[in-house]
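Colleague: See target.json below, with JSON, C-alpha atoms.
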[["chain", "number", "residue", "atom", "x", "y", "z"],
["A", 27, "MET", "CA", 74.68, -24.68, 98.15],
["A", 28, "GLN", "CA", 72.65, -27.68, 99.26],
["A", 29, "SER", "CA", 73.16, -30.99, 97.52],
["A", 30, "SER", "CA", 70.46, -32.22, 95.18],
["A", 31, "LYS", "CA", 69.56, -35.10, 97.52],
["A", 32, "SER", "CA", 69.10, -32.83, 100.55],
["A", 33, "ARG", "CA", 66.89, -30.43, 98.56],
["A", 34, "TRP", "CA", 64.64, -33.32, 97.55],
["A", 35, "PHE", "CA", 64.63, -34.73, 101.09],
["A", 36, "ILE", "CA", 63.49, -31.35, 102.40],
["A", 37, "THR", "CA", 60.79, -31.25, 99.71],
["A", 38, "ALA", "CA", 59.59, -34.72, 100.77],
["A", 39, "ILE", "CA", 59.51, -33.82, 104.46],
["A", 40, "LEU", "CA", 57.61, -30.59, 103.69],
["A", 41, "ALA", "CA", 55.09, -32.54, 101.58],
["A", 42, "ALA", "CA", 54.56, -35.11, 104.35],
["A", 43, "VAL", "CA", 54.20, -32.43, 107.03],
["A", 44, "LEU", "CA", 51.79, -30.42, 104.86],
["A", 45, "GLY", "CA", 49.77, -33.59, 104.23],
["A", 46, "SER", "CA", 49.68, -34.25, 107.96],
["A", 47, "MET", "CA", 48.41, -30.73, 108.58],
["A", 48, "LEU", "CA", 45.72, -31.14, 105.92],
["A", 49, "HIS", "CA", 44.44, -34.06, 107.98],
["A", 50, "PHE", "CA", 42.92, -31.55, 110.42],
["A", 51, "LEU", "CA", 41.84, -28.76, 108.04],
["A", 52, "PHE", "CA", 38.31, -30.02, 107.33],
["A", 53, "ASP", "CA", 37.48, -30.24, 111.04],
["A", 54, "LEU", "CA", 39.16, -26.89, 111.78],
["A", 55, "LEU", "CA", 36.92, -25.30, 109.14],
["A", 56, "LEU", "CA", 33.88, -26.92, 110.77],
["A", 57, "GLY", "CA", 33.12, -29.27, 107.89],
["A", 58, "PHE", "CA", 33.32, -26.62, 105.14],
["A", 59, "ALA", "CA", 32.68, -28.90, 102.14],
["A", 60, "PRO", "CA", 35.00, -27.18, 99.59],
["A", 61, "ALA", "CA", 37.92, -27.73, 101.99],
["A", 62, "GLY", "CA", 37.22, -31.44, 101.63],
["A", 63, "VAL", "CA", 38.68, -31.36, 98.14],
["A", 64, "ILE", "CA", 42.20, -31.08, 99.59],
["A", 65, "ALA", "CA", 41.67, -32.12, 103.22],
["A", 66, "SER", "CA", 40.56, -35.45, 104.60],
["A", 67, "VAL", "CA", 36.84, -35.59, 105.36],
["A", 68, "ASN", "CA", 37.03, -38.88, 107.27],
["A", 69, "GLU", "CA", 39.47, -41.56, 108.40],
["A", 70, "SER", "CA", 39.25, -43.80, 105.32],
["A", 71, "VAL", "CA", 42.37, -44.96, 103.52],
["A", 72, "TRP", "CA", 41.27, -43.02, 100.43],
["A", 73, "GLU", "CA", 41.23, -39.76, 102.35],
["A", 74, "HIS", "CA", 44.76, -40.43, 103.57],
["A", 75, "MET", "CA", 45.86, -40.99, 99.98],
["A", 76, "LYS", "CA", 44.43, -37.54, 99.23],
["A", 77, "LEU", "CA", 46.69, -36.09, 101.93],
["A", 78, "ALA", "CA", 49.71, -37.33, 99.99],
["A", 79, "PHE", "CA", 48.44, -36.35, 96.55],
["A", 80, "TRP", "CA", 47.90, -32.59, 96.86],
["A", 81, "PRO", "CA", 51.13, -31.71, 98.71],
["A", 82, "MET", "CA", 53.20, -33.95, 96.43],
["A", 83, "LEU", "CA", 51.58, -32.43, 93.36],
["A", 84, "VAL", "CA", 52.15, -28.83, 94.42],
["A", 85, "LEU", "CA", 55.54, -29.17, 96.09],
["A", 86, "GLY", "CA", 56.84, -31.67, 93.53],
["A", 87, "ALA", "CA", 55.95, -29.34, 90.66],
["A", 88, "LEU", "CA", 57.30, -26.26, 92.44],
["A", 89, "ALA", "CA", 60.54, -27.96, 93.47],
["A", 90, "SER", "CA", 61.08, -29.46, 90.03],
["A", 91, "THR", "CA", 60.61, -26.06, 88.42],
["A", 92, "ARG", "CA", 62.79, -24.35, 91.03],
["A", 93, "PHE", "CA", 65.53, -26.94, 90.48],
["A", 94, "GLY", "CA", 65.60, -26.11, 86.75],
["A", 95, "TYR", "CA", 63.22, -28.59, 85.12],
["A", 96, "SER", "CA", 60.47, -27.61, 82.72],
["A", 97, "PRO", "CA", 56.90, -28.94, 83.05],
["A", 98, "ARG", "CA", 57.59, -31.18, 80.05],
["A", 99, "GLU", "CA", 60.49, -32.71, 81.96],
["A", 100, "TRP", "CA", 58.72, -33.19, 85.30],
["A", 101, "ALA", "CA", 55.14, -34.11, 84.28],
["A", 102, "PHE", "CA", 55.66, -37.84, 83.82],
["A", 103, "PRO", "CA", 58.17, -38.34, 86.66],
["A", 104, "LEU", "CA", 55.83, -36.51, 89.03],
["A", 105, "ALA", "CA", 52.84, -38.57, 87.87],
["A", 106, "LYS", "CA", 54.78, -41.81, 88.35],
["A", 107, "SER", "CA", 56.15, -40.79, 91.75],
["A", 108, "ILE", "CA", 52.73, -39.76, 93.02],
["A", 109, "THR", "CA", 51.12, -42.94, 91.70],
["A", 110, "VAL", "CA", 53.70, -45.11, 93.47],
["A", 111, "ALA", "CA", 53.22, -43.18, 96.74],
["A", 112, "LEU", "CA", 49.43, -43.38, 96.47],
["A", 113, "LEU", "CA", 49.48, -47.12, 95.82],
["A", 114, "ALA", "CA", 51.97, -47.68, 98.66],
["A", 115, "ILE", "CA", 49.53, -46.22, 101.20],
["A", 116, "PRO", "CA", 46.68, -48.75, 100.85],
["A", 117, "LEU", "CA", 49.07, -51.62, 100.09],
["A", 118, "GLY", "CA", 51.09, -50.85, 103.22],
["A", 119, "PHE", "CA", 48.06, -50.07, 105.38],
["A", 120, "TYR", "CA", 46.15, -53.26, 104.58],
["A", 121, "SER", "CA", 49.30, -55.41, 104.80],
["A", 122, "ILE", "CA", 50.22, -54.00, 108.19],
["A", 123, "ARG", "CA", 46.71, -53.82, 109.63],
["A", 124, "TYR", "CA", 45.26, -57.07, 108.36],
["A", 125, "GLY", "CA", 48.33, -59.05, 107.34],
["A", 126, "LEU", "CA", 50.39, -58.37, 110.46],
["A", 127, "GLY", "CA", 47.56, -57.36, 112.79],
["A", 128, "ILE", "CA", 49.27, -54.12, 113.83],
["A", 129, "GLU", "CA", 46.92, -51.23, 114.63],
["A", 130, "ARG", "CA", 49.01, -48.27, 115.78],
["A", 131, "VAL", "CA", 48.61, -44.63, 114.77],
["A", 132, "ILE", "CA", 52.38, -44.14, 114.82],
["A", 133, "VAL", "CA", 52.76, -46.96, 112.28],
["A", 134, "ASP", "CA", 50.14, -45.32, 110.04],
["A", 135, "ILE", "CA", 51.99, -41.99, 110.27],
["A", 136, "ALA", "CA", 55.32, -43.68, 109.51],
["A", 137, "LEU", "CA", 53.74, -45.41, 106.50],
["A", 138, "PHE", "CA", 52.43, -42.07, 105.22],
["A", 139, "PHE", "CA", 55.84, -40.40, 105.58],
["A", 140, "ALA", "CA", 57.58, -43.38, 103.97],
["A", 141, "ALA", "CA", 55.20, -43.34, 100.99],
["A", 142, "VAL", "CA", 55.82, -39.62, 100.40],
["A", 143, "LEU", "CA", 59.60, -40.01, 100.83],
["A", 144, "ILE", "CA", 59.67, -42.92, 98.39],
["A", 145, "GLY", "CA", 57.54, -40.98, 95.91],
["A", 146, "ILE", "CA", 59.73, -37.88, 96.00],
["A", 147, "GLY", "CA", 62.81, -40.11, 95.74],
["A", 148, "ILE", "CA", 61.40, -41.60, 92.54],
["A", 149, "LEU", "CA", 60.73, -38.10, 91.21],
["A", 150, "GLU", "CA", 64.32, -37.04, 91.91],
["A", 151, "ARG", "CA", 65.77, -40.10, 90.16],
["A", 152, "MET", "CA", 63.44, -39.94, 87.15],
["A", 153, "LEU", "CA", 64.16, -36.28, 86.47],
["A", 154, "LYS", "CA", 67.67, -37.27, 85.47],
["A", 155, "LYS", "CA", 66.27, -39.25, 82.53],
["A", 156, "ASP", "CA", 64.72, -37.95, 79.32],
["A", 157, "ASN", "CA", 60.95, -38.22, 79.90],
["A", 158, "ALA", "CA", 59.83, -35.13, 77.96],
["A", 159, "HIS", "CA", 58.14, -37.30, 75.31],
["A", 160, "LEU", "CA", 55.82, -38.62, 78.05],
["A", 161, "ALA", "CA", 54.71, -35.19, 79.30],
["A", 162, "VAL", "CA", 51.17, -35.45, 77.93],
["A", 163, "LEU", "CA", 50.72, -38.84, 79.56],
["A", 164, "GLY", "CA", 52.06, -37.42, 82.82],
["A", 165, "PHE", "CA", 49.65, -34.50, 82.82],
["A", 166, "PHE", "CA", 46.80, -36.87, 81.95],
["A", 167, "ILE", "CA", 47.62, -39.17, 84.88],
["A", 168, "LEU", "CA", 47.84, -36.19, 87.26],
["A", 169, "ALA", "CA", 44.51, -34.86, 85.99],
["A", 170, "VAL", "CA", 42.84, -38.25, 86.45],
["A", 171, "TRP", "CA", 44.11, -38.52, 90.03],
["A", 172, "ALA", "CA", 42.95, -34.96, 90.78],
["A", 173, "ALA", "CA", 39.52, -35.62, 89.28],
["A", 174, "CYS", "CA", 39.17, -38.82, 91.30],
["A", 175, "PHE", "CA", 40.03, -37.08, 94.55],
["A", 176, "ILE", "CA", 37.55, -34.29, 93.84],
["A", 177, "ILE", "CA", 34.70, -36.53, 92.66],
["A", 178, "PHE", "CA", 35.12, -39.22, 95.30],
["A", 179, "THR", "CA", 35.17, -36.63, 98.07],
["A", 180, "PHE", "CA", 31.54, -35.91, 97.33],
["A", 181, "PHE", "CA", 30.50, -39.22, 95.76],
["A", 182, "PRO", "CA", 32.57, -41.98, 97.40],
["A", 183, "LEU", "CA", 32.32, -45.51, 96.13],
["A", 184, "HIS", "CA", 30.95, -48.00, 98.61],
["A", 185, "LEU", "CA", 34.17, -49.97, 98.83],
["A", 186, "PRO", "CA", 36.40, -50.60, 101.87],
["A", 187, "LEU", "CA", 38.98, -48.09, 100.58],
["A", 188, "PHE", "CA", 36.43, -45.28, 101.08],
["A", 189, "PHE", "CA", 34.91, -46.52, 104.35],
["A", 190, "ASP", "CA", 35.54, -44.74, 107.64],
["A", 191, "ALA", "CA", 35.46, -47.74, 109.97],
["A", 192, "GLY", "CA", 35.47, -45.59, 113.11],
["A", 193, "GLY", "CA", 32.48, -43.50, 112.10],
["A", 194, "ARG", "CA", 30.89, -46.28, 110.04],
["A", 195, "PHE", "CA", 30.21, -44.12, 106.96],
["A", 196, "TYR", "CA", 31.49, -43.15, 103.52],
["A", 197, "GLY", "CA", 32.50, -39.66, 102.39],
["A", 198, "ILE", "CA", 31.65, -36.43, 104.14],
["A", 199, "PRO", "CA", 29.99, -36.98, 107.53],
["A", 200, "HIS", "CA", 26.41, -35.70, 107.69]]
Can the structure from this file be put into structure tokens for me?

Modeller:
Amino acid sequence: MQSSKSRWFITAILAAVLGSMLHFLFDLLLGFAPAGVIASVNESVWEHMKLAFWPMLVLGALASTRFGYSPREWAFPLAKSITVALLAIPLGFYSIRYGLGIERVIVDIALFFAAVLIGIGILERMLKKDNAHLAVLGFFILAVWAACFIIFTFFPLHLPLFFDAGGRFYGIPH
């Protein structure tokens, strides 16, 4: 039987690879708007956060359940782990791009993988603690993130986080 750490590492790698694949789904489906809910619709930082959210949500919940935890036990740890990963992406991106002046796709990919790995690592550690009393808060946080990713796909805020600098637009390209 695999160790607990290796099972979670595999889950993290699968989530990062799935997120990377979702990067291309919107274009592969020729701009099919409903696909934009889970796939990136442009090259903004927000859309790359979306690529971490959905795979971490699905695979984190499935793995937690498969590894013997109930939704009450994994809701808050999953919400916290996803939130940390999602905040690490823009923090890391802007620090590297504008703080260090490094603009390399491989660095962006490494940052994405690192954020997902860190997030899943937090999930694995937090599941060992009693967080069942925070389940409602966890589900609320997950629902808010999901709602934000859905709403802001179609109605992006005019902030740098949502701006596709290469295409010079916000949201779904017209």

Colleague: In Å, how far is it from CA of Gly125 (chain A) to CA of Ala140 (chain A)?

Modeller: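 CA of Gly125 (chain A) sits 18.5 Å away from CA of Ala140 (chain A).
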
Colleague: Between A:Trp72, A:Tyr95, A:Ala172, A:Ile115, single out the one closest to His184 (chain A), counting all atoms listed in the file.

Modeller: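 Residue with the minimum atom-to-atom distance to His184 (chain A): A:Trp72.
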
Colleague: What is the CA of Asn157 (chain A) to CA of Glu99 (chain A) distance in Å?

Modeller: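 These atoms are spaced 5.9 Å apart.
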
Colleague: Within 7 Å of Phe79 (chain A), counting only C-alpha atoms, which residues qualify if same-chain residues fewer than 4 places away don't, as a list in words?

Modeller: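 These residues fall inside the cut-off: Met75, Leu83 and Ile108 of chain A.
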
Colleague: Which distance in Å separates CA of Ala161 (chain A) and CA of Leu112 (chain A), to one decimal?

Modeller: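 Pair CA of Ala161 (chain A) / CA of Leu112 (chain A) returns 19.7 Å.
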
Colleague: Can you pull out the residues contacting Asp156 (chain A)? Cut-off 10 Å, using only C-alpha atoms, and skip same-chain residues under 2 positions away; I want them as a list in words.

Modeller: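 Listing them by chain and then by number gives Arg98, Glu99, Trp100, Pro103, Met152, Leu153, Lys154, Ala158, His159 and Leu160 of chain A.
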
Colleague: Since fewer atoms than expected are present, regenerate N, CA, C and O atoms for region 154-176 of chain A and write them as a compact mmCIF listing (two decimals), keeping the file's coordinate frame.

Modeller:
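What ended up in out36.txt:
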# COMPACT_ATOMS: atom_id res chain seq x y z
N LYS A 154 66.36 -37.18 86.10
CA LYS A 154 67.67 -37.27 85.47
C LYS A 154 67.61 -37.99 84.12
O LYS A 154 68.59 -38.05 83.39
N LYS A 155 66.45 -38.54 83.79
CA LYS A 155 66.27 -39.25 82.53
C LYS A 155 65.43 -38.39 81.58
O LYS A 155 64.73 -37.48 82.01
N ASP A 156 65.49 -38.70 80.31
CA ASP A 156 64.72 -37.95 79.32
C ASP A 156 63.29 -38.52 79.27
O ASP A 156 63.07 -39.59 78.71
N ASN A 157 62.36 -37.79 79.88
CA ASN A 157 60.95 -38.22 79.90
C ASN A 157 60.05 -37.20 79.22
O ASN A 157 58.83 -37.29 79.33
N ALA A 158 60.63 -36.21 78.54
CA ALA A 158 59.83 -35.13 77.96
C ALA A 158 58.79 -35.66 76.97
O ALA A 158 57.70 -35.09 76.86
N HIS A 159 59.09 -36.75 76.28
CA HIS A 159 58.14 -37.30 75.31
C HIS A 159 56.90 -37.89 75.99
O HIS A 159 55.90 -38.16 75.34
N LEU A 160 56.96 -38.07 77.30
CA LEU A 160 55.82 -38.62 78.05
C LEU A 160 55.05 -37.55 78.82
O LEU A 160 54.22 -37.88 79.67
N ALA A 161 55.32 -36.29 78.53
CA ALA A 161 54.71 -35.19 79.30
C ALA A 161 53.19 -35.22 79.23
O ALA A 161 52.52 -35.06 80.26
N VAL A 162 52.63 -35.44 78.06
CA VAL A 162 51.17 -35.45 77.93
C VAL A 162 50.57 -36.57 78.77
O VAL A 162 49.57 -36.36 79.48
N LEU A 163 51.18 -37.73 78.73
CA LEU A 163 50.72 -38.84 79.56
C LEU A 163 50.81 -38.48 81.04
O LEU A 163 49.89 -38.75 81.82
N GLY A 164 51.90 -37.84 81.43
CA GLY A 164 52.06 -37.42 82.82
C GLY A 164 50.97 -36.46 83.27
O GLY A 164 50.37 -36.63 84.34
N PHE A 165 50.70 -35.46 82.46
CA PHE A 165 49.65 -34.50 82.82
C PHE A 165 48.28 -35.18 82.86
O PHE A 165 47.44 -34.86 83.70
N PHE A 166 48.07 -36.13 81.95
CA PHE A 166 46.80 -36.87 81.95
C PHE A 166 46.64 -37.67 83.24
O PHE A 166 45.57 -37.64 83.87
N ILE A 167 47.68 -38.37 83.65
CA ILE A 167 47.62 -39.17 84.88
C ILE A 167 47.36 -38.26 86.08
O ILE A 167 46.52 -38.57 86.93
N LEU A 168 48.05 -37.14 86.16
CA LEU A 168 47.84 -36.19 87.26
C LEU A 168 46.41 -35.66 87.27
O LEU A 168 45.78 -35.53 88.32
N ALA A 169 45.89 -35.37 86.08
CA ALA A 169 44.51 -34.86 85.99
C ALA A 169 43.49 -35.92 86.41
O ALA A 169 42.50 -35.60 87.09
N VAL A 170 43.74 -37.17 86.05
CA VAL A 170 42.84 -38.25 86.45
C VAL A 170 42.85 -38.41 87.97
O VAL A 170 41.78 -38.52 88.60
N TRP A 171 44.04 -38.42 88.57
CA TRP A 171 44.11 -38.52 90.03
C TRP A 171 43.37 -37.35 90.68
O TRP A 171 42.58 -37.56 91.61
N ALA A 172 43.62 -36.14 90.20
CA ALA A 172 42.95 -34.96 90.78
C ALA A 172 41.44 -35.08 90.66
O ALA A 172 40.71 -34.82 91.62
N ALA A 173 40.96 -35.47 89.48
CA ALA A 173 39.52 -35.62 89.28
C ALA A 173 38.94 -36.67 90.22
O ALA A 173 37.86 -36.47 90.80
N CYS A 174 39.65 -37.77 90.39
CA CYS A 174 39.17 -38.82 91.30
C CYS A 174 39.07 -38.31 92.73
O CYS A 174 38.07 -38.56 93.41
N PHE A 175 40.08 -37.59 93.18
CA PHE A 175 40.03 -37.08 94.55
C PHE A 175 38.91 -36.07 94.74
O PHE A 175 38.27 -36.03 95.79
N ILE A 176 38.64 -35.27 93.74
CA ILE A 176 37.55 -34.29 93.84
C ILE A 176 36.20 -35.01 93.81
O ILE A 176 35.35 -34.81 94.68
